[in-house]
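One structure below.
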Amino acid sequence: MIPVCQHRSNMPHLAQPAAGQTVSGGQLASYLKSALSGAPHNVLLFLQDKLIMEDFTMYGGVFGNKQDSAFLTVESALQASSSPLVLPALDWSASHSILELFQGELGIPAVHIDPNTLKEIKLNTSQPSLLAVHLPYTVLNVFKSQDVPYTAVYTGLKPSRVIEETPVMAGRSVGRSLLQAPPQSSVKPPLVVNNTAGRPCILLWADTLLASYSGKQDDLAVHIFNGSADTAGSVCNETLSRLVINYQNVLDLRSLRLIFSMRKIFFPVSARNWSVVEQVVLEYDGQRAIFNASGGIYSPAEYSFHCQSVSSIQSPLLVPRSATDNANQWKLSFTDFQIQGFNVTGEDFSYASDCAGFFTPGIWMGLLTSLLMVFILTYGLHMIMQLRTMDRFDDPKGPAISVPQSE
C-alpha cells in the first residue's frame with residue numbers, strides 16, 4: 001500500500017485503483033506525473049525496508065483499538081491531508097526503482113536525511129526538493145513547524161514476506177461447460193476485426209496456429225498477434241462472419257489466406273441460435289484447401305468457442321471436405337484456440353463454451369468396469385439364492401435307504 005498525502009495544496013483528481021490491484025511502474029509514473037504537476041515540489045519519500053499490504057491489516061489496529069496501531073502517524077497524516085491518495089500495492093520490480101522514478105519526475109537528486117539532523121533542516125520554498133527518509137515519525141513535525149507545503153509518500157522497498165499463490169487448474173473433462181474467458185491481462189490481446197461502423201465484430205486468439213505443407217511448418221499465430229495482422233476481406237453481419245487473415249512469404253508460398261467462415265443458425269431442438277464454424281479455408285498461390293469444421297466447432301451464439309486443441313490430425317475437428325481436396329496435403333493444429341463471431345460487445349471474449357466432451361475415455365473405462373463388477377456380483381447372488389438343501393435324511397434307527405444300482 002502506498003499512502004500519498006499533501007499539505008496546503010489540492011492534488012489533481014486521480015481515479016482510485018481497484019481494491020487489490022497491483023500498480024505497475026508505468027502506472028505509478030503516470031500517477032506521479034499527475035500528482036506532482038500542480039503539487040508542492042517539496043516531496044518527502046518515506047522508505048520502509050520491508051512492507052506489504054497485509055501489514056496494514058495485521059498491525060493497523062482493529063475494532064476501534066487505534067492505540068494499538070503501528071501506523072498512527074500514517075493514519076493521522078492521511079486524515080489531516082487536504083488531498084490523500086492510497087494505492088493498494090506496488091509491483092515488486094517497480095519498488096526497487098521508486099527513488100529513480102521520483103528523481104526523474106522532479107528532475108533533481110534525492111537527499112537522504114539523517115534523523116539526528118532533522119531539526120537543523122531549512123528548506124527553500126522557492127526551489128523543489130526531494131527528501132528520502134527511513135523514519136517517518138518526526139519529519140512531518142519539522143515541516144509543519146516551518147510551515148512548508150509538502151507531498152509525503154510512504155512505501156516499502158521490498159515485501160516483508162512473499163505470499164505464494166498456488167495456481168488452480170480448471171479441469172475441462174466435464175462436458176461442454178461454460179467457462180469464463182481467460183483473463184486478458186496475462187496474455188496478449190486477441191485479434192480484433194471491426195465492422196463498417198468501427199465496432200468489434202470478430203475476436204480470435206490462439207497460442208499457436210501450426211500449419212504444415214509440403215514438409216514445411218510455420219506458426220501462423222506469430223504473424224498476427226503483434227498488432228500488424230492483415231485482415232482485409234473480412235466481413236461480419238447478424239448471420240454471417242468471415243475472418244480473413246492474409247500472409248506473405250510463409251511456408252515458401254508467395255501468398256496465403258487463412259479464412260474462418262462462421263454462421264449463426266437457429267436449432268429448434270434447443271430453441272436458440274448457435275454460432276457454427278462451417279469451414280476453415282486456406283487459399284494459396286491460386287489453390288484452395290477446405291476443411292469442414294461444423295461437426296465440432298460450435299457454441300451458443302452469445303458465447304465464444306474455446307478448445308485446448310483444434311487439429312486435423314489427432315481427434316480431428318477439422319476434416320478435409322473430400323478425399324481429393326487439397327486439404328489432404330495440409331496439417332493444421334491450433335492450441336488454446338478461441339473465437340467469437342457474433343454478439344461481440346468489446347475487445348474481450350464472452351463466456352466460453354468449451355469443446356470437452358461429456359465423458360472422457362477414463363470415465364467410460366470406469367463406468368464399464370463398474371457395470372461389469374455389478375453384473376458379476378448380481379450373478380453370484382442369484383446363483384447363491386438358487387441353492388436347495390435336502391428335504392429327506394437317513395434315519396439311523398430305521399431301515400437304511402436303499403439306492404438301487406443298475407448296470
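Just so we're on the same page: first chain in the C-alpha cells is A, next is B, and so on; residues restart at 1 for each chain, and ligands are numbered from 1 in the order they show up.
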
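Using only C-alpha atoms, the contacts of Glu238 of chain A at a cut-off of 8 Å, with sequence neighbours closer than 2 positions omitted, comprise Cys236, Leu240, Ser241, Lys264 and Phe342 of chain A.
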
Legend entry - Contact residues around His223 of chain A with only C-alpha atoms at 10 Å, ignoring same-chain residues under 6 positions, as a list in words: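 The residues that qualify are Leu209, Ala229, Asp230, Ile245, Asn246, Tyr247, Gln248 and Val250 of chain A.
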
Please dump the current selection as a PDB file, in the first residue's frame; keep N, CA and C atoms.
```pdb
ATOM      1  N   LEU A 209      -0.865 -21.460 -34.037  1.00  0.00           N
ATOM      2  CA  LEU A 209      -1.622 -21.839 -35.236  1.00  0.00           C
ATOM      3  C   LEU A 209      -0.646 -22.542 -36.175  1.00  0.00           C
ATOM      4  N   ALA A 229      -1.570  -7.569 -38.047  1.00  0.00           N
ATOM      5  CA  ALA A 229      -2.263  -8.555 -38.865  1.00  0.00           C
ATOM      6  C   ALA A 229      -3.034  -7.871 -39.988  1.00  0.00           C
ATOM      7  N   ASP A 230      -3.033  -8.512 -41.163  1.00  0.00           N
ATOM      8  CA  ASP A 230      -3.764  -8.023 -42.335  1.00  0.00           C
ATOM      9  C   ASP A 230      -5.065  -8.812 -42.435  1.00  0.00           C
ATOM     10  N   ILE A 245      -7.381 -13.750 -42.809  1.00  0.00           N
ATOM     11  CA  ILE A 245      -6.045 -13.337 -42.372  1.00  0.00           C
ATOM     12  C   ILE A 245      -5.090 -13.563 -43.534  1.00  0.00           C
ATOM     13  N   ASN A 246      -4.445 -12.502 -43.977  1.00  0.00           N
ATOM     14  CA  ASN A 246      -3.561 -12.560 -45.137  1.00  0.00           C
ATOM     15  C   ASN A 246      -2.103 -12.646 -44.706  1.00  0.00           C
ATOM     16  N   TYR A 247      -1.369 -13.536 -45.359  1.00  0.00           N
ATOM     17  CA  TYR A 247       0.055 -13.723 -45.089  1.00  0.00           C
ATOM     18  C   TYR A 247       0.844 -13.555 -46.383  1.00  0.00           C
ATOM     19  N   GLN A 248       2.105 -13.213 -46.211  1.00  0.00           N
ATOM     20  CA  GLN A 248       3.022 -13.107 -47.338  1.00  0.00           C
ATOM     21  C   GLN A 248       4.302 -13.867 -47.007  1.00  0.00           C
ATOM     22  N   VAL A 250       5.153 -17.134 -46.448  1.00  0.00           N
ATOM     23  CA  VAL A 250       5.211 -18.127 -45.381  1.00  0.00           C
ATOM     24  C   VAL A 250       5.110 -19.504 -46.018  1.00  0.00           C
TER      25      VAL A 250
END
```

Legend entry - All residues 6 Å or closer to Ala211 of chain A, only C-alpha atoms, same chain fewer than 6 positions away omitted, as a ChimeraX atom specification: /A:217-218,331-332

Legend entry - Residue list (strand (DSSP E or B), DSSP) for segment 250-352 of chain A, as a PyMOL selection string: chain A and resi 250+253-267+272-284+287-292+298-300+304-311+319-320+330-340+352

Inset, instruction - Select, from A:Val277, A:Ala80, A:Ala132, A:Leu243, the residue with the minimum atom-to-atom distance to Ala293 of chain A, counting only C-alpha atoms. - result: A:Val277

Inset, instruction - Compare A:Ser299, A:Thr151, A:Gln329, A:Ser294 by their minimum atom-to-atom distance to Ala356 of chain A, counting only C-alpha atoms, and give me the closest one. - result: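 Of A:Ser299, A:Thr151, A:Gln329, A:Ser294, the one nearest Ala356 of chain A is A:Ser299, counting only C-alpha atoms.
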
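Nearest to Leu258 of chain A of all the residues A:Phe291, A:Phe359, A:Phe102, A:Phe349 is A:Phe291, based on only C-alpha atoms.
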
Inset, instruction - Determine, counting only C-alpha atoms, which protein, DNA and RNA residues have an atom within 12 Å of an atom of Gly286 of chain A; residues of the same chain fewer than 4 positions away are not included. Present the result as a PyMOL selection string. - result: chain A and resi 253-257+282+326

Inset, instruction - Rank nothing, just name the residue among A:Val281, A:Leu45, A:Ile297, A:Ala232 nearest to Asn194 of chain A, using only C-alpha atoms. - result: A:Ala232

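The space separating atom CA of Thr335 of chain A from atom CA of Arg288 of chain A comes to 23.1 Å.
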
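Across the structure, atom CA of Gly341 of chain A and atom CA of Asn292 of chain A are spaced 17.1 Å apart.
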
Inset, instruction - Please provide the set of residues having any atom within 9 Å of segment 200-206 of chain A, restricted to only C-alpha atoms, with same-chain residues fewer than 3 positions apart removed, written as a PyMOL selection string. - result: chain A and resi 188-195+197+209+221+225+235-237+241-243+304+334-349

Inset, instruction - Tell me which of A:Gly107, A:Phe46, A:Tyr379, A:Thr369 sits closest to Leu131 of chain A, counting only C-alpha atoms. - result: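 Using only C-alpha atoms, Leu131 of chain A sits closest to A:Phe46.
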
Legend entry - For atom CA of Glu283 of chain A and atom CA of Val319 of chain A, the interatomic separation in Å (one decimal):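 One can read the atom CA of Glu283 of chain A to atom CA of Val319 of chain A distance as 16.3 Å.
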